[in-house]
file structure26.pdb (PDB, C-alpha atoms)
ATOM      1  CA  MET A  12     124.836-278.768 -53.843  1.00  0.00           C
ATOM      2  CA  THR A  13     121.650-276.839 -53.093  1.00  0.00           C
ATOM      3  CA  GLU A  14     120.490-276.919 -49.491  1.00  0.00           C
ATOM      4  CA  PRO A  15     117.114-278.695 -49.231  1.00  0.00           C
ATOM      5  CA  LEU A  16     115.751-276.124 -46.761  1.00  0.00           C
ATOM      6  CA  THR A  17     116.694-272.443 -46.775  1.00  0.00           C
ATOM      7  CA  LEU A  18     115.557-269.126 -45.347  1.00  0.00           C
ATOM      8  CA  SER A  19     115.914-265.922 -47.347  1.00  0.00           C
ATOM      9  CA  ILE A  20     114.921-262.523 -46.048  1.00  0.00           C
ATOM     10  CA  GLU A  21     113.683-259.796 -48.369  1.00  0.00           C
ATOM     11  CA  PRO A  22     111.801-257.350 -46.134  1.00  0.00           C
ATOM     12  CA  PRO A  23     108.993-257.278 -45.323  1.00  0.00           C
ATOM     13  CA  ALA A  24     108.927-261.057 -45.932  1.00  0.00           C
ATOM     14  CA  ALA A  25     111.044-264.049 -45.062  1.00  0.00           C
ATOM     15  CA  GLU A  26     110.798-267.044 -47.388  1.00  0.00           C
ATOM     16  CA  LEU A  27     111.221-270.583 -46.079  1.00  0.00           C
ATOM     17  CA  VAL A  28     111.986-272.638 -49.172  1.00  0.00           C
ATOM     18  CA  LEU A  29     111.773-276.398 -49.693  1.00  0.00           C
ATOM     19  CA  SER A  30     114.312-277.242 -52.377  1.00  0.00           C
ATOM     20  CA  ARG A  31     114.540-280.952 -52.994  1.00  0.00           C
ATOM     21  CA  PRO A  32     112.957-281.244 -56.439  1.00  0.00           C
ATOM     22  CA  GLU A  33     114.572-284.625 -57.179  1.00  0.00           C
ATOM     23  CA  ARG A  34     112.391-286.040 -54.364  1.00  0.00           C
ATOM     24  CA  ARG A  35     109.378-283.826 -55.138  1.00  0.00           C
ATOM     25  CA  ASN A  36     110.262-281.837 -52.012  1.00  0.00           C
ATOM     26  CA  ALA A  37     109.634-284.838 -49.762  1.00  0.00           C
ATOM     27  CA  LEU A  38     110.932-283.873 -46.345  1.00  0.00           C
ATOM     28  CA  ASN A  39     113.590-285.999 -44.709  1.00  0.00           C
ATOM     29  CA  ILE A  40     113.988-285.939 -40.950  1.00  0.00           C
ATOM     30  CA  ALA A  41     116.869-283.431 -41.168  1.00  0.00           C
ATOM     31  CA  MET A  42     114.603-280.986 -43.008  1.00  0.00           C
ATOM     32  CA  TRP A  43     111.874-281.355 -40.394  1.00  0.00           C
ATOM     33  CA  ALA A  44     114.472-280.812 -37.673  1.00  0.00           C
ATOM     34  CA  GLY A  45     115.698-277.619 -39.347  1.00  0.00           C
ATOM     35  CA  ILE A  46     112.338-275.845 -39.538  1.00  0.00           C
ATOM     36  CA  PRO A  47     112.013-274.549 -35.939  1.00  0.00           C
ATOM     37  CA  ALA A  48     115.329-272.663 -35.982  1.00  0.00           C
ATOM     38  CA  LEU A  49     114.522-270.997 -39.307  1.00  0.00           C
ATOM     39  CA  VAL A  50     111.063-269.953 -38.114  1.00  0.00           C
ATOM     40  CA  GLU A  51     112.672-268.573 -34.951  1.00  0.00           C
ATOM     41  CA  ALA A  52     115.213-266.622 -37.034  1.00  0.00           C
ATOM     42  CA  ALA A  53     112.449-265.077 -39.145  1.00  0.00           C
ATOM     43  CA  ASN A  54     110.542-264.069 -36.023  1.00  0.00           C
ATOM     44  CA  ALA A  55     113.674-262.552 -34.470  1.00  0.00           C
ATOM     45  CA  ASP A  56     114.345-260.305 -37.493  1.00  0.00           C
ATOM     46  CA  ALA A  57     112.581-256.966 -36.970  1.00  0.00           C
ATOM     47  CA  SER A  58     112.433-256.335 -40.728  1.00  0.00           C
ATOM     48  CA  VAL A  59     110.249-259.434 -41.256  1.00  0.00           C
ATOM     49  CA  LYS A  60     106.489-259.045 -41.001  1.00  0.00           C
ATOM     50  CA  VAL A  61     105.307-262.173 -42.842  1.00  0.00           C
ATOM     51  CA  ILE A  62     106.799-265.617 -43.519  1.00  0.00           C
ATOM     52  CA  LEU A  63     106.202-267.441 -46.801  1.00  0.00           C
ATOM     53  CA  LEU A  64     106.612-271.213 -47.120  1.00  0.00           C
ATOM     54  CA  HIS A  65     106.939-272.595 -50.648  1.00  0.00           C
ATOM     55  CA  GLY A  66     108.609-275.079 -52.953  1.00  0.00           C
ATOM     56  CA  GLY A  67     110.993-272.695 -54.651  1.00  0.00           C
ATOM     57  CA  GLY A  68     109.111-272.471 -57.936  1.00  0.00           C
ATOM     58  CA  SER A  69     109.855-276.142 -58.651  1.00  0.00           C
ATOM     59  CA  GLY A  70     106.253-276.953 -59.544  1.00  0.00           C
ATOM     60  CA  VAL A  71     105.855-278.985 -56.338  1.00  0.00           C
ATOM     61  CA  PHE A  72     104.943-277.885 -52.815  1.00  0.00           C
ATOM     62  CA  ALA A  73     105.710-281.105 -50.927  1.00  0.00           C
ATOM     63  CA  ALA A  74     104.998-284.748 -51.647  1.00  0.00           C
ATOM     64  CA  GLY A  75     105.093-285.484 -47.918  1.00  0.00           C
ATOM     65  CA  ALA A  76     107.621-287.155 -45.679  1.00  0.00           C
ATOM     66  CA  ASP A  77     110.475-289.050 -47.351  1.00  0.00           C
ATOM     67  CA  ILE A  78     109.231-292.651 -47.427  1.00  0.00           C
ATOM     68  CA  SER A  79     112.716-293.926 -48.265  1.00  0.00           C
ATOM     69  CA  GLU A  80     113.705-293.071 -44.672  1.00  0.00           C
ATOM     70  CA  PHE A  81     110.798-294.859 -43.002  1.00  0.00           C
ATOM     71  CA  GLY A  82     112.736-298.030 -42.221  1.00  0.00           C
ATOM     72  CA  PHE A  83     115.222-295.947 -40.254  1.00  0.00           C
ATOM     73  CA  VAL A  84     113.106-293.207 -38.678  1.00  0.00           C
ATOM     74  CA  TYR A  85     110.194-295.503 -37.780  1.00  0.00           C
ATOM     75  CA  GLY A  86     112.057-298.806 -37.456  1.00  0.00           C
ATOM     76  CA  THR A  87     111.475-299.133 -33.721  1.00  0.00           C
ATOM     77  CA  GLU A  88     108.946-297.711 -31.291  1.00  0.00           C
ATOM     78  CA  GLU A  89     111.580-295.425 -29.783  1.00  0.00           C
ATOM     79  CA  ALA A  90     112.719-294.215 -33.230  1.00  0.00           C
ATOM     80  CA  ALA A  91     109.113-293.576 -34.242  1.00  0.00           C
ATOM     81  CA  ARG A  92     108.484-291.630 -31.029  1.00  0.00           C
ATOM     82  CA  ARG A  93     111.635-289.528 -31.560  1.00  0.00           C
ATOM     83  CA  SER A  94     110.854-288.834 -35.234  1.00  0.00           C
ATOM     84  CA  GLY A  95     107.233-288.004 -34.436  1.00  0.00           C
ATOM     85  CA  ARG A  96     108.369-285.440 -31.906  1.00  0.00           C
ATOM     86  CA  ILE A  97     110.799-283.850 -34.379  1.00  0.00           C
ATOM     87  CA  ILE A  98     108.055-283.489 -36.984  1.00  0.00           C
ATOM     88  CA  ALA A  99     105.543-282.217 -34.422  1.00  0.00           C
ATOM     89  CA  ALA A 100     108.050-279.570 -33.279  1.00  0.00           C
ATOM     90  CA  ALA A 101     108.427-278.341 -36.866  1.00  0.00           C
ATOM     91  CA  LEU A 102     104.684-278.052 -37.377  1.00  0.00           C
ATOM     92  CA  ASN A 103     104.166-276.419 -33.980  1.00  0.00           C
ATOM     93  CA  ALA A 104     106.849-273.843 -34.831  1.00  0.00           C
ATOM     94  CA  LEU A 105     104.903-272.813 -37.930  1.00  0.00           C
ATOM     95  CA  GLU A 106     101.559-272.806 -36.132  1.00  0.00           C
ATOM     96  CA  GLU A 107     102.878-270.882 -33.118  1.00  0.00           C
ATOM     97  CA  SER A 108     104.938-268.347 -35.092  1.00  0.00           C
ATOM     98  CA  ALA A 109     104.155-264.868 -33.772  1.00  0.00           C
ATOM     99  CA  LYS A 110     104.316-263.567 -37.333  1.00  0.00           C
ATOM    100  CA  PRO A 111     101.785-264.771 -39.919  1.00  0.00           C
ATOM    101  CA  VAL A 112     102.856-267.667 -42.154  1.00  0.00           C
ATOM    102  CA  ILE A 113     101.532-268.131 -45.705  1.00  0.00           C
ATOM    103  CA  ALA A 114     101.879-271.390 -47.647  1.00  0.00           C
ATOM    104  CA  ALA A 115     102.231-270.899 -51.411  1.00  0.00           C
ATOM    105  CA  ILE A 116     101.192-274.200 -52.980  1.00  0.00           C
ATOM    106  CA  GLU A 117     101.707-275.464 -56.508  1.00  0.00           C
ATOM    107  CA  GLY A 118     101.659-279.004 -57.787  1.00  0.00           C
ATOM    108  CA  PRO A 119     101.348-281.911 -55.352  1.00  0.00           C
ATOM    109  CA  CYS A 120     100.643-281.201 -51.683  1.00  0.00           C
ATOM    110  CA  VAL A 121     100.295-284.641 -50.157  1.00  0.00           C
ATOM    111  CA  GLY A 122     100.572-286.249 -46.712  1.00  0.00           C
ATOM    112  CA  GLY A 123     103.173-284.278 -44.790  1.00  0.00           C
ATOM    113  CA  GLY A 124     102.757-281.509 -47.351  1.00  0.00           C
ATOM    114  CA  VAL A 125      99.177-281.022 -46.171  1.00  0.00           C
ATOM    115  CA  SER A 126     100.473-281.110 -42.596  1.00  0.00           C
ATOM    116  CA  LEU A 127     102.858-278.256 -43.427  1.00  0.00           C
ATOM    117  CA  ALA A 128     100.185-276.235 -45.203  1.00  0.00           C
ATOM    118  CA  ALA A 129      97.642-276.743 -42.415  1.00  0.00           C
ATOM    119  CA  ALA A 130     100.146-275.453 -39.839  1.00  0.00           C
ATOM    120  CA  CYS A 131     100.364-272.139 -41.704  1.00  0.00           C
ATOM    121  CA  ASP A 132      97.914-269.289 -41.161  1.00  0.00           C
ATOM    122  CA  LEU A 133      96.835-268.957 -44.797  1.00  0.00           C
ATOM    123  CA  ARG A 134      97.123-271.147 -47.866  1.00  0.00           C
ATOM    124  CA  VAL A 135      97.354-269.759 -51.394  1.00  0.00           C
ATOM    125  CA  ALA A 136      97.179-272.449 -54.080  1.00  0.00           C
ATOM    126  CA  HIS A 137      97.579-272.532 -57.821  1.00  0.00           C
ATOM    127  CA  ALA A 138      94.520-273.830 -59.635  1.00  0.00           C
ATOM    128  CA  GLY A 139      96.543-276.818 -60.831  1.00  0.00           C
ATOM    129  CA  ALA A 140      97.623-277.952 -57.359  1.00  0.00           C
ATOM    130  CA  THR A 141      96.478-281.300 -55.964  1.00  0.00           C
ATOM    131  CA  PHE A 142      95.957-282.381 -52.366  1.00  0.00           C
ATOM    132  CA  GLY A 143      95.808-285.672 -50.533  1.00  0.00           C
ATOM    133  CA  VAL A 144      96.062-287.014 -46.987  1.00  0.00           C
ATOM    134  CA  THR A 145      97.279-290.568 -47.399  1.00  0.00           C
ATOM    135  CA  PRO A 146      98.276-292.344 -44.134  1.00  0.00           C
ATOM    136  CA  ALA A 147      95.635-295.036 -44.733  1.00  0.00           C
ATOM    137  CA  LYS A 148      97.527-296.022 -47.894  1.00  0.00           C
ATOM    138  CA  LEU A 149     100.585-296.708 -45.741  1.00  0.00           C
ATOM    139  CA  GLY A 150      98.838-298.495 -42.890  1.00  0.00           C
ATOM    140  CA  LEU A 151      99.229-295.475 -40.600  1.00  0.00           C
ATOM    141  CA  VAL A 152      97.060-292.959 -38.756  1.00  0.00           C
ATOM    142  CA  TYR A 153      97.498-289.204 -39.115  1.00  0.00           C
ATOM    143  CA  PRO A 154      99.378-287.780 -36.088  1.00  0.00           C
ATOM    144  CA  PRO A 155      97.149-286.126 -33.470  1.00  0.00           C
ATOM    145  CA  GLY A 156      98.447-282.578 -34.016  1.00  0.00           C
ATOM    146  CA  ASP A 157      97.986-282.900 -37.773  1.00  0.00           C
ATOM    147  CA  MET A 158      94.509-284.347 -37.221  1.00  0.00           C
ATOM    148  CA  ARG A 159      93.536-281.450 -34.952  1.00  0.00           C
ATOM    149  CA  ARG A 160      94.625-278.871 -37.510  1.00  0.00           C
ATOM    150  CA  LEU A 161      92.811-280.674 -40.329  1.00  0.00           C
ATOM    151  CA  LEU A 162      89.623-280.869 -38.248  1.00  0.00           C
ATOM    152  CA  GLN A 163      89.831-277.150 -37.438  1.00  0.00           C
ATOM    153  CA  LEU A 164      90.178-276.307 -41.123  1.00  0.00           C
ATOM    154  CA  ILE A 165      87.643-278.562 -42.808  1.00  0.00           C
ATOM    155  CA  GLY A 166      85.592-280.301 -40.097  1.00  0.00           C
ATOM    156  CA  PRO A 167      85.079-283.999 -39.321  1.00  0.00           C
ATOM    157  CA  GLY A 168      83.111-284.983 -42.416  1.00  0.00           C
ATOM    158  CA  ALA A 169      85.587-283.674 -44.987  1.00  0.00           C
ATOM    159  CA  SER A 170      88.499-284.901 -42.865  1.00  0.00           C
ATOM    160  CA  LYS A 171      87.086-288.433 -42.826  1.00  0.00           C
ATOM    161  CA  ASP A 172      86.465-288.244 -46.574  1.00  0.00           C
ATOM    162  CA  LEU A 173      90.113-287.421 -47.276  1.00  0.00           C
ATOM    163  CA  LEU A 174      91.608-289.702 -44.633  1.00  0.00           C
ATOM    164  CA  LEU A 175      89.467-292.794 -45.164  1.00  0.00           C
ATOM    165  CA  THR A 176      89.869-292.753 -48.948  1.00  0.00           C
ATOM    166  CA  GLY A 177      93.372-291.304 -49.297  1.00  0.00           C
ATOM    167  CA  ARG A 178      92.157-289.800 -52.564  1.00  0.00           C
ATOM    168  CA  LEU A 179      93.778-286.877 -54.359  1.00  0.00           C
ATOM    169  CA  ILE A 180      91.594-283.837 -54.911  1.00  0.00           C
ATOM    170  CA  PRO A 181      92.012-280.814 -57.199  1.00  0.00           C
ATOM    171  CA  ALA A 182      92.625-277.335 -55.834  1.00  0.00           C
ATOM    172  CA  ALA A 183      89.063-276.211 -56.551  1.00  0.00           C
ATOM    173  CA  GLU A 184      87.659-278.955 -54.308  1.00  0.00           C
ATOM    174  CA  ALA A 185      90.245-278.139 -51.633  1.00  0.00           C
ATOM    175  CA  LYS A 186      89.125-274.509 -51.778  1.00  0.00           C
ATOM    176  CA  ALA A 187      85.455-275.484 -51.499  1.00  0.00           C
ATOM    177  CA  MET A 188      86.086-277.555 -48.355  1.00  0.00           C
ATOM    178  CA  GLY A 189      88.233-274.868 -46.713  1.00  0.00           C
ATOM    179  CA  LEU A 190      91.658-276.461 -47.053  1.00  0.00           C
ATOM    180  CA  VAL A 191      92.725-273.598 -49.341  1.00  0.00           C
ATOM    181  CA  ASP A 192      92.045-269.917 -48.602  1.00  0.00           C
ATOM    182  CA  ARG A 193      92.896-268.324 -51.957  1.00  0.00           C
ATOM    183  CA  LEU A 194      93.019-269.890 -55.401  1.00  0.00           C
ATOM    184  CA  THR A 195      94.871-268.343 -58.335  1.00  0.00           C
ATOM    185  CA  ASP A 196      95.575-268.972 -62.013  1.00  0.00           C
ATOM    186  CA  GLU A 197      98.563-266.648 -61.778  1.00  0.00           C
ATOM    187  CA  PRO A 198     102.016-267.772 -60.596  1.00  0.00           C
ATOM    188  CA  VAL A 199     101.347-268.775 -57.012  1.00  0.00           C
ATOM    189  CA  LEU A 200     104.422-267.086 -55.579  1.00  0.00           C
ATOM    190  CA  GLU A 201     103.307-263.761 -57.049  1.00  0.00           C
ATOM    191  CA  ALA A 202      99.869-264.170 -55.473  1.00  0.00           C
ATOM    192  CA  ALA A 203     101.326-265.183 -52.101  1.00  0.00           C
ATOM    193  CA  ARG A 204     103.800-262.303 -52.132  1.00  0.00           C
ATOM    194  CA  ALA A 205     100.989-259.874 -52.916  1.00  0.00           C
ATOM    195  CA  LEU A 206      99.032-261.227 -49.947  1.00  0.00           C
ATOM    196  CA  ALA A 207     102.139-260.870 -47.775  1.00  0.00           C
ATOM    197  CA  MET A 208     102.397-257.197 -48.783  1.00  0.00           C
ATOM    198  CA  GLU A 209      98.746-256.678 -47.800  1.00  0.00           C
ATOM    199  CA  ILE A 210      99.424-258.130 -44.375  1.00  0.00           C
ATOM    200  CA  ALA A 211     102.653-256.162 -44.026  1.00  0.00           C
ATOM    201  CA  GLY A 212     100.654-252.967 -44.587  1.00  0.00           C
ATOM    202  CA  VAL A 213      98.441-253.290 -41.505  1.00  0.00           C
ATOM    203  CA  SER A 214      99.378-252.785 -37.871  1.00  0.00           C
ATOM    204  CA  GLN A 215     101.810-255.523 -36.930  1.00  0.00           C
ATOM    205  CA  TRP A 216     100.670-255.331 -33.334  1.00  0.00           C
ATOM    206  CA  SER A 217      97.188-256.151 -34.627  1.00  0.00           C
ATOM    207  CA  ALA A 218      98.396-258.931 -36.932  1.00  0.00           C
ATOM    208  CA  ARG A 219     100.175-260.725 -34.104  1.00  0.00           C
ATOM    209  CA  ALA A 220      97.425-260.114 -31.571  1.00  0.00           C
ATOM    210  CA  ILE A 221      94.844-261.501 -34.035  1.00  0.00           C
ATOM    211  CA  LYS A 222      96.940-264.687 -34.375  1.00  0.00           C
ATOM    212  CA  GLN A 223      97.266-264.923 -30.594  1.00  0.00           C
ATOM    213  CA  MET A 224      93.549-264.367 -29.994  1.00  0.00           C
ATOM    214  CA  ILE A 225      92.468-266.957 -32.560  1.00  0.00           C
ATOM    215  CA  ARG A 226      94.906-269.540 -31.247  1.00  0.00           C
ATOM    216  CA  GLY A 227      93.880-268.823 -27.673  1.00  0.00           C
ATOM    217  CA  LEU A 228      90.192-269.283 -28.448  1.00  0.00           C
ATOM    218  CA  GLN A 229      90.958-272.495 -30.336  1.00  0.00           C
ATOM    219  CA  THR A 230      92.927-273.913 -27.432  1.00  0.00           C
ATOM    220  CA  GLY A 231      90.653-273.181 -24.509  1.00  0.00           C
ATOM    221  CA  TRP A 232      90.418-269.460 -23.815  1.00  0.00           C
ATOM    222  CA  ARG A 233      86.935-268.355 -22.875  1.00  0.00           C
ATOM    223  CA  GLU A 234      85.701-265.236 -24.632  1.00  0.00           C
ATOM    224  CA  ASP A 235      84.994-263.698 -21.220  1.00  0.00           C
ATOM    225  CA  GLY A 236      88.172-265.096 -19.677  1.00  0.00           C
ATOM    226  CA  PRO A 237      91.126-263.071 -18.382  1.00  0.00           C
ATOM    227  CA  GLU A 238      93.535-263.901 -21.231  1.00  0.00           C
ATOM    228  CA  ALA A 239      91.169-262.780 -23.989  1.00  0.00           C
ATOM    229  CA  GLU A 240      90.121-259.651 -22.090  1.00  0.00           C
ATOM    230  CA  ALA A 241      93.730-258.660 -21.329  1.00  0.00           C
ATOM    231  CA  LEU A 242      94.769-259.006 -24.955  1.00  0.00           C
ATOM    232  CA  PHE A 243      91.739-257.023 -26.150  1.00  0.00           C
ATOM    233  CA  LEU A 244      92.392-254.186 -23.685  1.00  0.00           C
ATOM    234  CA  GLU A 245      96.105-254.120 -24.522  1.00  0.00           C
ATOM    235  CA  GLY A 246      95.132-252.931 -27.989  1.00  0.00           C
ATOM    236  CA  PHE A 247      93.961-249.573 -26.673  1.00  0.00           C
ATOM    237  CA  ALA A 248      97.286-248.965 -24.932  1.00  0.00           C
ATOM    238  CA  ASN A 249      99.625-249.917 -27.767  1.00  0.00           C
ATOM    239  CA  PRO A 250     101.093-247.075 -29.908  1.00  0.00           C
ATOM    240  CA  ASP A 251      99.613-248.390 -33.153  1.00  0.00           C
ATOM    241  CA  PHE A 252      96.105-247.619 -31.882  1.00  0.00           C
ATOM    242  CA  ALA A 253      96.822-243.905 -31.434  1.00  0.00           C
ATOM    243  CA  GLU A 254      98.580-243.758 -34.806  1.00  0.00           C
ATOM    244  CA  GLY A 255      95.760-245.622 -36.559  1.00  0.00           C
ATOM    245  CA  VAL A 256      93.106-243.267 -35.219  1.00  0.00           C
ATOM    246  CA  SER A 257      95.177-240.172 -36.116  1.00  0.00           C
ATOM    247  CA  ALA A 258      95.844-241.463 -39.637  1.00  0.00           C
ATOM    248  CA  PHE A 259      92.154-242.179 -40.170  1.00  0.00           C
ATOM    249  CA  LEU A 260      91.090-238.719 -38.996  1.00  0.00           C
ATOM    250  CA  GLU A 261      93.819-237.014 -41.027  1.00  0.00           C
ATOM    251  CA  LYS A 262      93.102-239.141 -44.120  1.00  0.00           C
ATOM    252  CA  ARG A 263      96.695-240.329 -44.498  1.00  0.00           C
ATOM    253  CA  ARG A 264      98.585-243.612 -44.511  1.00  0.00           C
ATOM    254  CA  ALA A 265      99.411-244.835 -41.021  1.00  0.00           C
ATOM    255  CA  ASP A 266     103.039-244.882 -39.902  1.00  0.00           C
ATOM    256  CA  TRP A 267     102.872-247.935 -37.690  1.00  0.00           C
ATOM    257  CA  LYS A 268     105.060-247.839 -34.589  1.00  0.00           C
ATOM    258  CA  VAL A 269     105.267-251.562 -33.804  1.00  0.00           C
ATOM    259  CA  SER A 270     107.660-253.359 -36.139  1.00  0.00           C
TER     260      SER A 270
END
call {"tool": "encode", "arguments": {"input": "structure26.pdb", "output": "structure tokens"}}
result
Amino acid sequence: MTEPLTLSIEPPAAELVLSRPERRNALNIAMWAGIPALVEAANADASVKVILLHGGGSGVFAAGADISEFGFVYGTEEAARRSGRIIAAALNALEESAKPVIAAIEGPCVGGGVSLAAACDLRVAHAGATFGVTPAKLGLVYPPGDMRRLLQLIGPGASKDLLLTGRLIPAAEAKAMGLVDRLTDEPVLEAARALAMEIAGVSQWSARAIKQMIRGLQTGWREDGPEAEALFLEGFANPDFAEGVSAFLEKRRADWKVS
């Protein structure tokens, strides 16, 4: 039987694959619980520069959380609290990954699927993908972490539009509102892998510091504060800076030192 959540490593990328096509890749609580360890493993592997998250070419990214489990995982206040924390830990692991994470989206990306995609750094979607944020259709409210990420991506007006209506939108509309970063008519995995290779070709010290700086500024760093200044100044001392300048002056490809 195929595992519903797997990690495969083909340097320079690691691929975190949702593989539960019979449930349209709806995530059960065991899948949510498994995400942090796999993200940690990808970050610990020095050959990995970028992490891809996708639905295994099944034609579906993720239809959300597995509603068939709701009676069990949300049956009591304590169960709901425990399940909410498991899901939040999975999404935080993606968001806080030191290495960039790309979501490759085809087909439905609904509810928890949008939560997964929003926790990634970049979202590449096939033109035929559809998106929806549907807690209001279940008598629920979007979790606070998911809400924060949605607000950061598309702002309060578009967030209220999606949340208050629960409507499904096409990929082109998702791209226009900022929920999608790149749209493609080509196979989405090919497009996402090409983007991963672009990212793998730059300084990895820079890639990780860029993630850290953006997250810091989003979570309270001041631009003139000590954390932001220290990270900025660290760039001039790291070995990739010297190599990047030399490569530019010598008109050659840089041989980055930080893996």
call {"tool": "closest_residue", "arguments": {"input": "structure26.pdb", "among": "A:Val125, A:Ile46, A:Leu102, A:Ile97", "to": "Gly75 in chain A", "atoms": "all atoms listed in the file"}}
result
A:Val125
call {"tool": "closest_residue", "arguments": {"input": "structure26.pdb", "among": "A:Asp172, A:Asn103, A:Ala182, A:Arg93", "to": "Pro47 in chain A", "atoms": "all atoms listed in the file"}}
result
A:Asn103
call {"tool": "closest_residue", "arguments": {"input": "structure26.pdb", "among": "A:Ala37, A:Lys262, A:Arg160, A:Val213", "to": "Gln229 in chain A", "atoms": "all atoms listed in the file"}}
result
A:Arg160
call {"tool": "atom_distance", "arguments": {"input": "structure26.pdb", "atom1": "CA of Glu80 in chain A", "atom2": "CA of Asn39 in chain A"}}
result
7.1 Å
call {"tool": "resolve_selection", "arguments": {"input": "structure26.pdb", "expression": "the PyMOL selection byres ((chain A and resi 147-157) around 8)", "output": "list in words"}}
result
Ala99, Ser126, Ala129, Thr145, Pro146, Met158, Arg159, Arg160, Leu161, Leu174, Leu175, Thr176 and Gly177 of chain A
call {"tool": "resolve_selection", "arguments": {"input": "structure26.pdb", "expression": "the PyMOL selection byres ((chain A and resi 189) around 10)", "output": "list in words"}}
result
Arg134, Leu161, Gln163, Leu164, Ile165, Gly166, Ala169, Ala183, Glu184, Ala185, Lys186, Ala187, Met188, Leu190, Val191, Asp192 and Arg193 of chain A
call {"tool": "atom_distance", "arguments": {"input": "structure26.pdb", "atom1": "CA of Ala253 in chain A", "atom2": "CA of Ala24 in chain A"}}
result
25.5 Å
call {"tool": "resolve_selection", "arguments": {"input": "structure26.pdb", "expression": "the PyMOL selection byres ((chain A and resi 196-205) around 12)", "output": "JSON, numbers by chain"}}
result
{"A": [21, 22, 23, 24, 25, 26, 28, 60, 61, 62, 63, 64, 65, 66, 67, 68, 69, 70, 71, 72, 112, 113, 114, 115, 116, 117, 118, 133, 134, 135, 136, 137, 138, 139, 140, 182, 183, 192, 193, 194, 195, 206, 207, 208, 209, 210, 211, 212]}
call {"tool": "closest_residue", "arguments": {"input": "structure26.pdb", "among": "A:Gly246, A:Glu107, A:Ile40, A:Ser79", "to": "Ala91 in chain A", "atoms": "all atoms listed in the file"}}
result
A:Ile40
call {"tool": "atom_distance", "arguments": {"input": "structure26.pdb", "atom1": "CA of Pro181 in chain A", "atom2": "CA of Gly143 in chain A"}}
result
9.1 Å
call {"tool": "closest_residue", "arguments": {"input": "structure26.pdb", "among": "A:Pro32, A:Gly45, A:Gly124, A:Pro250", "to": "Ala101 in chain A", "atoms": "only C-alpha atoms"}}
result
A:Gly45
call {"tool": "axis_aligned_box", "arguments": {"input": "structure26.pdb", "around": "range 124-139 of chain A", "padding_each_side": "5 Å", "output": "lines of an AutoDock Vina configuration file"}}
result
center_x = 98.7
center_y = -275.2
center_z = -50.3
size_x = 18.3
size_y = 22.6
size_z = 31.0
call {"tool": "residues_around", "arguments": {"input": "structure26.pdb", "residues": "Leu49 in chain A", "least_positions_apart": "3", "cutoff": "8 Å", "atoms": "all atoms listed in the file", "output": "MDAnalysis selection string"}}
result
chainID A and resid 17:18 27 45:46 52:53
call {"tool": "closest_residue", "arguments": {"input": "structure26.pdb", "among": "A:Leu162, A:Leu105, A:Leu127, A:Val144", "to": "Arg178 in chain A", "atoms": "all atoms listed in the file"}}
result
A:Val144
call {"tool": "residues_around", "arguments": {"input": "structure26.pdb", "residues": "Met224 in chain A", "least_positions_apart": "3", "cutoff": "9 Å", "atoms": "all atoms listed in the file", "output": "ChimeraX atom specification"}}
result
/A:219-221,227-229,232,238-239,242-243
call {"tool": "decode", "arguments": {"input": "structure26.pdb", "residues": "range 32-50 of chain A", "atoms": "C-alpha atoms", "output": "PDB file, in the first residue's frame"}}
result
ATOM      1  CA  PRO A  32      -5.661  10.108  -4.448  1.00  0.00           C
ATOM      2  CA  GLU A  33      -8.668   8.035  -3.331  1.00  0.00           C
ATOM      3  CA  ARG A  34      -9.437  10.873  -0.873  1.00  0.00           C
ATOM      4  CA  ARG A  35      -8.317  13.661  -3.230  1.00  0.00           C
ATOM      5  CA  ASN A  36      -5.225  14.029  -1.036  1.00  0.00           C
ATOM      6  CA  ALA A  37      -7.314  15.075   1.965  1.00  0.00           C
ATOM      7  CA  LEU A  38      -4.968  15.054   4.930  1.00  0.00           C
ATOM      8  CA  ASN A  39      -5.782  12.888   7.915  1.00  0.00           C
ATOM      9  CA  ILE A  40      -4.333  13.742  11.301  1.00  0.00           C
ATOM     10  CA  ALA A  41      -1.514  11.191  10.878  1.00  0.00           C
ATOM     11  CA  MET A  42      -0.397  12.950   7.691  1.00  0.00           C
ATOM     12  CA  TRP A  43      -0.396  16.335   9.413  1.00  0.00           C
ATOM     13  CA  ALA A  44       1.594  14.825  12.278  1.00  0.00           C
ATOM     14  CA  GLY A  45       4.184  13.421   9.866  1.00  0.00           C
ATOM     15  CA  ILE A  46       5.033  16.684   8.104  1.00  0.00           C
ATOM     16  CA  PRO A  47       7.404  18.280  10.668  1.00  0.00           C
ATOM     17  CA  ALA A  48       9.807  15.319  10.761  1.00  0.00           C
ATOM     18  CA  LEU A  49      10.001  15.151   6.964  1.00  0.00           C
ATOM     19  CA  VAL A  50      10.644  18.890   6.682  1.00  0.00           C
TER      20      VAL A  50
END
